[in-house]
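**Student:** Before I ask anything, let me first share the structure, which is written out below as structure tokens.
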Amino acid sequence: MNRRDFLITTSATALVPHIVLASAPVELVAQPVNAQILPEGEPATPMLGFNGGTPGPVLRARQGEVLDIRFQNQISEGSAVHWHGLRIDNAMDGVPGMTQDVVEAGGEFEYSFRAPDAGTFWYHSHSRSWEQVAKGLYGPLIVKELTLPDVDHDLIVMIDDWRMIEDGTLADGFENMHDQAHQGRLGNFARALVEPVTQVRRGDRARLRLINVATDRIFPVELEGVEGKVVALDGMPLVDPQELSGLILAPAQRADIIADVTSAAPISFVFPTRDGPYLLGEIPVEGANTTRQPSEISALTPNEIATPDTDNAVSLTLTMEGGAMSRRMMQGMMGGDIWTFNGQSGLTNTPLHRFERGQTARIHLKNDTRFPHGIHLHGHHFFEVEADGNLSAFRDTTLVDAGEARDILCVFDNPGRWLLHCHMLGHQAAGMKTWVEVA
Ligand code: C2O
Ligand code: CU
């Protein structure tokens, strides 16, 4: 295969649409699939997927609708599906050993939940996720606003990387300790997967829903050929849409962009690397839209958000430690876990904290490691608190850089037992997880 397709060298081209459409009620069948990850003409890759492909089908609902999904597990080990970012009932959260039993090979599980928020979400396996997600068990879940923004296209762009071998198979070693102690399992081949599109013209306005589905890689993304704004992060509309520049997606994070196509050249998704720009994918542009009038890009209709009670907030600290070049590595060498939250690795019998329903908490996320971590809370979104104390984006996953700290503010109003973990799935595998309980 062409060496130039690989990361660490330069860029690659074509992108392959893998996404098929589906609508609720849905059968979601996890099964082995063959996917064309490498460019056409290169061998296909044996992977895992849903309903015959990876990514799995696009699940679409309108805000407030109920999704009924019959999950069938046709892979050779246990699995379960997590609906990432959806604020739904605990029993539907898809975490084996916490919210449900693992769905054994050959088994089934009925998921049924109301989609409370409009936005860009995704679903993925939450069973040995560092391997099952790396092998392709994920798909997009789109909840449409009751009042749709005025755009000509609504496109899903899933960004992933894979660790490929020349023969087209995925490298194994999904639990490689060296990876887990560093940034996680990073691929050597990356793509932006775009669903098949109706013809995009210069002058069109498009909504682009970017989802980082990689297990461990952080993607800074630059867009070429468009001008616009980021209008939502992790599914939740921004009060003030932000500039496109400086966009960074940690694993599991999403960004909704509304942008005008400004050039006749393809819309390009570029991943700037130390070795130069790497082209993740392109959307071809043909013809021109001469009827659309220029207009401001305005904020999306907000979802319902509980007001945090800052005065009476409980204060908690979550200190991240471990990883390569830390004392914890000795334990790792002897078969122990590599990463800790507050000195504790993996799930304990008692939660990090028990909240009264509706209680507000301010959590100080302190990264005392040499690696960035994307911290994800199940069942809730939280505000990122800026240095000046202002509340910024309302997210479900926040990136805390090496040696940095960030406060988040959360109203714990969804009863149940919820995971709080690093979404670098190799770190999660090596102990970087805890849980909270809401009474
Ligand atoms: Cu995207 Cu614990 O999940
Ligand atoms: Cu991490």
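Every chain in the structure tokens has a letter given in the order shown (A, B, ...), and although residue numbers restart at 1 in each chain, ligands are simply numbered from 1 in the order shown.
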Can you list every residue in segment 99-335 of chain A that DSSP puts in strand (DSSP E or B), as a VMD selection string?

**Tutor:** chain A and resid 100 103 108 to 114 119 to 125 138 to 144 153 to 162 164 170 189 to 194 200 to 202 205 to 212 219 to 220 222 to 224 226 to 233 236 to 243 248 to 249 254 to 261 267 to 273 276 to 283 285 to 288 314 to 322

**Student:** Let me have all residues with an atom within 7 Å of ligand 2, counting only C-alpha atoms and all ligand atoms, laid out as a PyMOL selection string.

**Tutor:** chain A and resi 372-374+422-424+427-428+432

**Student:** Please produce a file of those selected residues containing N, CA and C atoms, as a JSON list (two decimals), in the first residue's frame.

**Tutor:**
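Output contents, as saved in again28.json:
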```
[["chain", "number", "residue", "atom", "x", "y", "z"],
["A", 372, "PRO", "N", -2.69, 14.25, 28.46],
["A", 372, "PRO", "CA", -4.02, 14.82, 28.54],
["A", 372, "PRO", "C", -5.07, 13.73, 28.80],
["A", 373, "HIS", "N", -6.17, 14.09, 29.43],
["A", 373, "HIS", "CA", -7.27, 13.15, 29.67],
["A", 373, "HIS", "C", -8.60, 13.81, 29.33],
["A", 374, "GLY", "N", -9.46, 13.05, 28.69],
["A", 374, "GLY", "CA", -10.81, 13.52, 28.34],
["A", 374, "GLY", "C", -11.79, 12.89, 29.31],
["A", 422, "CYS", "N", -12.12, 8.38, 32.16],
["A", 422, "CYS", "CA", -11.37, 8.94, 31.04],
["A", 422, "CYS", "C", -11.86, 8.27, 29.77],
["A", 423, "HIS", "N", -12.16, 9.09, 28.73],
["A", 423, "HIS", "CA", -12.62, 8.51, 27.47],
["A", 423, "HIS", "C", -11.48, 8.17, 26.53],
["A", 424, "MET", "N", -10.22, 8.33, 26.99],
["A", 424, "MET", "CA", -9.15, 7.64, 26.31],
["A", 424, "MET", "C", -9.33, 6.21, 26.80],
["A", 427, "HIS", "N", -6.87, 4.28, 28.78],
["A", 427, "HIS", "CA", -6.69, 4.73, 30.17],
["A", 427, "HIS", "C", -7.80, 4.17, 31.05],
["A", 428, "GLN", "N", -9.00, 4.19, 30.50],
["A", 428, "GLN", "CA", -10.13, 3.62, 31.25],
["A", 428, "GLN", "C", -9.86, 2.15, 31.55],
["A", 432, "MET", "N", -8.61, 4.12, 34.96],
["A", 432, "MET", "CA", -9.00, 5.52, 35.10],
["A", 432, "MET", "C", -10.52, 5.67, 35.04]]
```

**Student:** How would you report the residues lying within 7 Å of ligand 1, as a PDB file with all heavy atoms, in the first residue's frame, if you count only C-alpha atoms and all ligand atoms?

**Tutor:**
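Written output follows (part07.pdb):
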```pdb
ATOM      1  N   HIS A  82     -23.925   1.756  24.895  1.00  0.00           N
ATOM      2  CA  HIS A  82     -24.054   3.004  25.660  1.00  0.00           C
ATOM      3  C   HIS A  82     -24.428   4.127  24.696  1.00  0.00           C
ATOM      4  O   HIS A  82     -23.868   4.229  23.608  1.00  0.00           O
ATOM      5  CB  HIS A  82     -22.718   3.306  26.358  1.00  0.00           C
ATOM      6  CG  HIS A  82     -22.656   4.665  26.986  1.00  0.00           C
ATOM      7  ND1 HIS A  82     -23.563   5.088  27.926  1.00  0.00           N
ATOM      8  CD2 HIS A  82     -21.800   5.706  26.810  1.00  0.00           C
ATOM      9  CE1 HIS A  82     -23.259   6.324  28.303  1.00  0.00           C
ATOM     10  NE2 HIS A  82     -22.205   6.730  27.640  1.00  0.00           N
ATOM     11  N   HIS A  84     -24.056   7.613  24.192  1.00  0.00           N
ATOM     12  CA  HIS A  84     -23.151   8.607  24.758  1.00  0.00           C
ATOM     13  C   HIS A  84     -23.735  10.017  24.682  1.00  0.00           C
ATOM     14  O   HIS A  84     -24.013  10.521  23.602  1.00  0.00           O
ATOM     15  CB  HIS A  84     -21.798   8.541  24.046  1.00  0.00           C
ATOM     16  CG  HIS A  84     -20.793   9.492  24.626  1.00  0.00           C
ATOM     17  ND1 HIS A  84     -19.643   9.071  25.259  1.00  0.00           N
ATOM     18  CD2 HIS A  84     -20.795  10.837  24.700  1.00  0.00           C
ATOM     19  CE1 HIS A  84     -18.989  10.138  25.684  1.00  0.00           C
ATOM     20  NE2 HIS A  84     -19.669  11.224  25.355  1.00  0.00           N
ATOM     21  N   HIS A 124     -22.004   3.507  21.370  1.00  0.00           N
ATOM     22  CA  HIS A 124     -20.840   2.621  21.233  1.00  0.00           C
ATOM     23  C   HIS A 124     -20.900   1.510  22.265  1.00  0.00           C
ATOM     24  O   HIS A 124     -21.598   1.629  23.273  1.00  0.00           O
ATOM     25  CB  HIS A 124     -19.535   3.422  21.344  1.00  0.00           C
ATOM     26  CG  HIS A 124     -19.292   4.120  22.649  1.00  0.00           C
ATOM     27  ND1 HIS A 124     -18.837   3.474  23.770  1.00  0.00           N
ATOM     28  CD2 HIS A 124     -19.449   5.419  23.011  1.00  0.00           C
ATOM     29  CE1 HIS A 124     -18.694   4.350  24.766  1.00  0.00           C
ATOM     30  NE2 HIS A 124     -19.071   5.547  24.343  1.00  0.00           N
ATOM     31  N   HIS A 126     -19.971  -0.568  25.383  1.00  0.00           N
ATOM     32  CA  HIS A 126     -19.350  -0.210  26.669  1.00  0.00           C
ATOM     33  C   HIS A 126     -18.869  -1.460  27.381  1.00  0.00           C
ATOM     34  O   HIS A 126     -18.821  -1.532  28.605  1.00  0.00           O
ATOM     35  CB  HIS A 126     -20.310   0.598  27.535  1.00  0.00           C
ATOM     36  CG  HIS A 126     -19.625   1.666  28.340  1.00  0.00           C
ATOM     37  ND1 HIS A 126     -18.688   1.373  29.318  1.00  0.00           N
ATOM     38  CD2 HIS A 126     -19.690   3.018  28.283  1.00  0.00           C
ATOM     39  CE1 HIS A 126     -18.251   2.512  29.838  1.00  0.00           C
ATOM     40  NE2 HIS A 126     -18.831   3.532  29.217  1.00  0.00           N
ATOM     41  N   ALA A 252     -14.611  11.066  21.921  1.00  0.00           N
ATOM     42  CA  ALA A 252     -16.025  11.141  22.305  1.00  0.00           C
ATOM     43  C   ALA A 252     -16.622  12.537  22.182  1.00  0.00           C
ATOM     44  O   ALA A 252     -17.840  12.693  22.244  1.00  0.00           O
ATOM     45  CB  ALA A 252     -16.288  10.624  23.717  1.00  0.00           C
ATOM     46  N   HIS A 376     -15.194  12.020  31.068  1.00  0.00           N
ATOM     47  CA  HIS A 376     -16.602  11.887  30.662  1.00  0.00           C
ATOM     48  C   HIS A 376     -17.472  11.462  31.833  1.00  0.00           C
ATOM     49  O   HIS A 376     -17.142  10.520  32.543  1.00  0.00           O
ATOM     50  CB  HIS A 376     -16.697  10.847  29.529  1.00  0.00           C
ATOM     51  CG  HIS A 376     -18.099  10.467  29.177  1.00  0.00           C
ATOM     52  ND1 HIS A 376     -19.084  11.401  28.909  1.00  0.00           N
ATOM     53  CD2 HIS A 376     -18.706   9.253  29.040  1.00  0.00           C
ATOM     54  CE1 HIS A 376     -20.221  10.769  28.625  1.00  0.00           C
ATOM     55  NE2 HIS A 376     -20.019   9.471  28.706  1.00  0.00           N
ATOM     56  N   HIS A 378     -21.318  10.137  32.805  1.00  0.00           N
ATOM     57  CA  HIS A 378     -22.535   9.552  32.237  1.00  0.00           C
ATOM     58  C   HIS A 378     -23.800  10.226  32.797  1.00  0.00           C
ATOM     59  O   HIS A 378     -23.810  10.687  33.936  1.00  0.00           O
ATOM     60  CB  HIS A 378     -22.606   8.057  32.585  1.00  0.00           C
ATOM     61  CG  HIS A 378     -21.726   7.193  31.740  1.00  0.00           C
ATOM     62  ND1 HIS A 378     -22.123   5.966  31.263  1.00  0.00           N
ATOM     63  CD2 HIS A 378     -20.472   7.377  31.284  1.00  0.00           C
ATOM     64  CE1 HIS A 378     -21.135   5.426  30.553  1.00  0.00           C
ATOM     65  NE2 HIS A 378     -20.115   6.263  30.552  1.00  0.00           N
ATOM     66  N   LEU A 419     -21.132   6.299  35.679  1.00  0.00           N
ATOM     67  CA  LEU A 419     -19.680   6.256  35.532  1.00  0.00           C
ATOM     68  C   LEU A 419     -19.114   7.646  35.287  1.00  0.00           C
ATOM     69  O   LEU A 419     -19.758   8.508  34.685  1.00  0.00           O
ATOM     70  CB  LEU A 419     -19.295   5.392  34.318  1.00  0.00           C
ATOM     71  CG  LEU A 419     -19.203   3.885  34.455  1.00  0.00           C
ATOM     72  CD1 LEU A 419     -18.717   3.306  33.133  1.00  0.00           C
ATOM     73  CD2 LEU A 419     -18.285   3.477  35.597  1.00  0.00           C
ATOM     74  N   HIS A 421     -15.338   8.665  33.855  1.00  0.00           N
ATOM     75  CA  HIS A 421     -14.098   8.000  33.436  1.00  0.00           C
ATOM     76  C   HIS A 421     -13.372   8.766  32.356  1.00  0.00           C
ATOM     77  O   HIS A 421     -13.935   9.677  31.725  1.00  0.00           O
ATOM     78  CB  HIS A 421     -14.387   6.572  32.966  1.00  0.00           C
ATOM     79  CG  HIS A 421     -15.226   6.457  31.715  1.00  0.00           C
ATOM     80  ND1 HIS A 421     -14.702   6.559  30.443  1.00  0.00           N
ATOM     81  CD2 HIS A 421     -16.559   6.250  31.556  1.00  0.00           C
ATOM     82  CE1 HIS A 421     -15.677   6.402  29.564  1.00  0.00           C
ATOM     83  NE2 HIS A 421     -16.815   6.232  30.195  1.00  0.00           N
ATOM     84  N   HIS A 423     -12.158   9.086  28.732  1.00  0.00           N
ATOM     85  CA  HIS A 423     -12.624   8.509  27.469  1.00  0.00           C
ATOM     86  C   HIS A 423     -11.480   8.174  26.529  1.00  0.00           C
ATOM     87  O   HIS A 423     -11.708   7.795  25.376  1.00  0.00           O
ATOM     88  CB  HIS A 423     -13.663   9.404  26.797  1.00  0.00           C
ATOM     89  CG  HIS A 423     -14.788   8.627  26.166  1.00  0.00           C
ATOM     90  ND1 HIS A 423     -14.611   7.845  25.042  1.00  0.00           N
ATOM     91  CD2 HIS A 423     -16.089   8.478  26.522  1.00  0.00           C
ATOM     92  CE1 HIS A 423     -15.765   7.284  24.725  1.00  0.00           C
ATOM     93  NE2 HIS A 423     -16.685   7.646  25.606  1.00  0.00           N
TER      94      HIS A 423
END
```

**Student:** Counting only C-alpha atoms, what is within 7 Å of Phe271 of chain A, bar same-chain residues fewer than 2 positions away, as a PyMOL selection string?

**Tutor:** chain A and resi 219-222+269+273+277-280

**Student:** From segment 142-381 of chain A, collect each residue whose DSSP state is helix (DSSP H, G or I) and return the set as a list in words.

**Tutor:** Met177, His178, Asp179, Gln180, Ala181, Thr310, Asp311, Asn312, Met329, Met330, Gln331, Gly332 and Met333 of chain A

**Student:** Excluding Ala402 of chain A and residues on its chain fewer than 4 positions from it, collect all residues at most 6 Å away from it, counting only C-alpha atoms, and give them as a VMD selection string.

**Tutor:** chain A and resid 367 369 to 372

**Student:** Take the residues from that selection and put them in a file with N, CA and C atoms, as a short mmCIF file (atom, residue, chain, number, x, y, z; two decimals), in the first residue's frame.

**Tutor:**
```
data_model
loop_
_atom_site.label_atom_id
_atom_site.label_comp_id
_atom_site.auth_asym_id
_atom_site.auth_seq_id
_atom_site.Cartn_x
_atom_site.Cartn_y
_atom_site.Cartn_z
N ASN A 367 -5.13 17.37 36.78
CA ASN A 367 -4.35 16.40 36.03
C ASN A 367 -2.88 16.44 36.45
N THR A 369 -0.63 14.27 35.73
CA THR A 369 0.05 13.28 34.91
C THR A 369 0.71 14.00 33.73
N ARG A 370 1.45 13.24 32.95
CA ARG A 370 2.13 13.85 31.81
C ARG A 370 1.35 13.70 30.51
N PHE A 371 0.07 13.36 30.63
CA PHE A 371 -0.75 13.14 29.44
C PHE A 371 -2.10 13.86 29.59
N PRO A 372 -2.69 14.25 28.46
CA PRO A 372 -4.02 14.82 28.54
C PRO A 372 -5.07 13.73 28.80
#
```

**Student:** Taking a cut-off of 12 Å and counting only C-alpha atoms, can you build a table that, for each residue of segment 23-56 of chain A near segment 209-213 of chain A, reports the nearest atom pair and how far apart they are in Å (one decimal), sorted by chain then residue number, as a tab-separated table?

**Tutor:**
```
residue	atom	partner	partner_atom	distance
A:Thr54	CA	A:Val213	CA	11.4
A:Pro55	CA	A:Val213	CA	9.5
A:Gly56	CA	A:Val213	CA	11.9
```

**Student:** Deliver the residues from the most recent selection as a file, using all heavy atoms, as an mmCIF file, in the first residue's frame.

**Tutor:**
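Result file is out_7.cif:
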```cif
data_model
loop_
_atom_site.group_PDB
_atom_site.id
_atom_site.type_symbol
_atom_site.label_atom_id
_atom_site.label_comp_id
_atom_site.auth_asym_id
_atom_site.auth_seq_id
_atom_site.Cartn_x
_atom_site.Cartn_y
_atom_site.Cartn_z
ATOM 1 N N THR A 54 -19.470 -0.752 9.708
ATOM 2 C CA THR A 54 -18.935 0.164 10.702
ATOM 3 C C THR A 54 -18.577 1.453 9.988
ATOM 4 O O THR A 54 -17.953 1.395 8.937
ATOM 5 C CB THR A 54 -17.727 -0.404 11.472
ATOM 6 O OG1 THR A 54 -17.271 0.607 12.384
ATOM 7 C CG2 THR A 54 -16.582 -0.831 10.574
ATOM 8 N N PRO A 55 -18.991 2.632 10.476
ATOM 9 C CA PRO A 55 -19.878 2.841 11.619
ATOM 10 C C PRO A 55 -21.235 2.183 11.415
ATOM 11 O O PRO A 55 -21.635 1.901 10.286
ATOM 12 C CB PRO A 55 -20.048 4.366 11.650
ATOM 13 C CG PRO A 55 -18.937 4.925 10.836
ATOM 14 C CD PRO A 55 -18.582 3.878 9.840
ATOM 15 N N GLY A 56 -21.939 1.951 12.521
ATOM 16 C CA GLY A 56 -23.293 1.413 12.452
ATOM 17 C C GLY A 56 -24.244 2.425 11.852
ATOM 18 O O GLY A 56 -23.851 3.544 11.514
#
```

**Student:** Quick one: of A:Phe50, A:Trp435, A:Phe189, A:Trp162, who's nearest to Tyr123 of chain A, counting only C-alpha atoms?

**Tutor:**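 Between A:Phe50, A:Trp435, A:Phe189, A:Trp162, the residue approaching Tyr123 of chain A most closely is A:Phe50.
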
**Student:** In Å, rounded to a single decimal, give me how far atom CA of Pro266 of chain A is from atom CA of Ile283 of chain A.

**Tutor:**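 Calculated distance between atom CA of Ile283 of chain A and atom CA of Pro266 of chain A is 5.4 Å.
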
**Student:** Check the smallest atom-to-atom distance from each of A:Val103, A:Ile258, A:Leu223, A:Ala171 to Leu155 of chain A using only C-alpha atoms, then report the winner.

**Tutor:** A:Ile258

**Student:** What's the separation between atom CA of Leu316 of chain A and atom CA of Gly403 of chain A, in Å to one decimal place?

**Tutor:** 18.3 Å

**Student:** Find the distance between atom CA of Gly119 of chain A and atom CA of Ala214 of chain A and write it in Å to one decimal.

**Tutor:**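 Computing it gives 19.7 Å between the two atoms.
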
**Student:** Quick one: everything within 8 Å of Asp204 of chain A, counting only C-alpha atoms, minus sequence neighbours fewer than 3 positions away in the same chain. Send it as an MDAnalysis selection string.

**Tutor:** chainID A and resid 151:153 200:201 260:261 288:289 292

**Student:** Please produce, as a Markdown table, a per-residue contact table for segment 98-120 of chain A versus segment 66-75 of chain A (criterion: any atom at most 8 Å away, only C-alpha atoms considered), showing the nearest atom pair and its distance in Å to one decimal, sorted by chain then residue number.

**Tutor:**
```
| residue | atom | partner | partner_atom | distance |
| --- | --- | --- | --- | --- |
| A:Val103 | CA | A:Asn73 | CA | 6.8 |
| A:Glu104 | CA | A:Asn73 | CA | 7.0 |
| A:Ala105 | CA | A:Asn73 | CA | 5.5 |
| A:Gly106 | CA | A:Gln74 | CA | 5.3 |
| A:Gly107 | CA | A:Asn73 | CA | 5.5 |
| A:Glu108 | CA | A:Gln72 | CA | 4.4 |
| A:Phe109 | CA | A:Phe71 | CA | 5.2 |
| A:Glu110 | CA | A:Arg70 | CA | 4.6 |
| A:Tyr111 | CA | A:Ile69 | CA | 5.1 |
| A:Ser112 | CA | A:Asp68 | CA | 4.5 |
| A:Phe113 | CA | A:Val66 | CA | 5.4 |
| A:Arg114 | CA | A:Val66 | CA | 4.1 |
| A:Ala115 | CA | A:Val66 | CA | 6.2 |
```
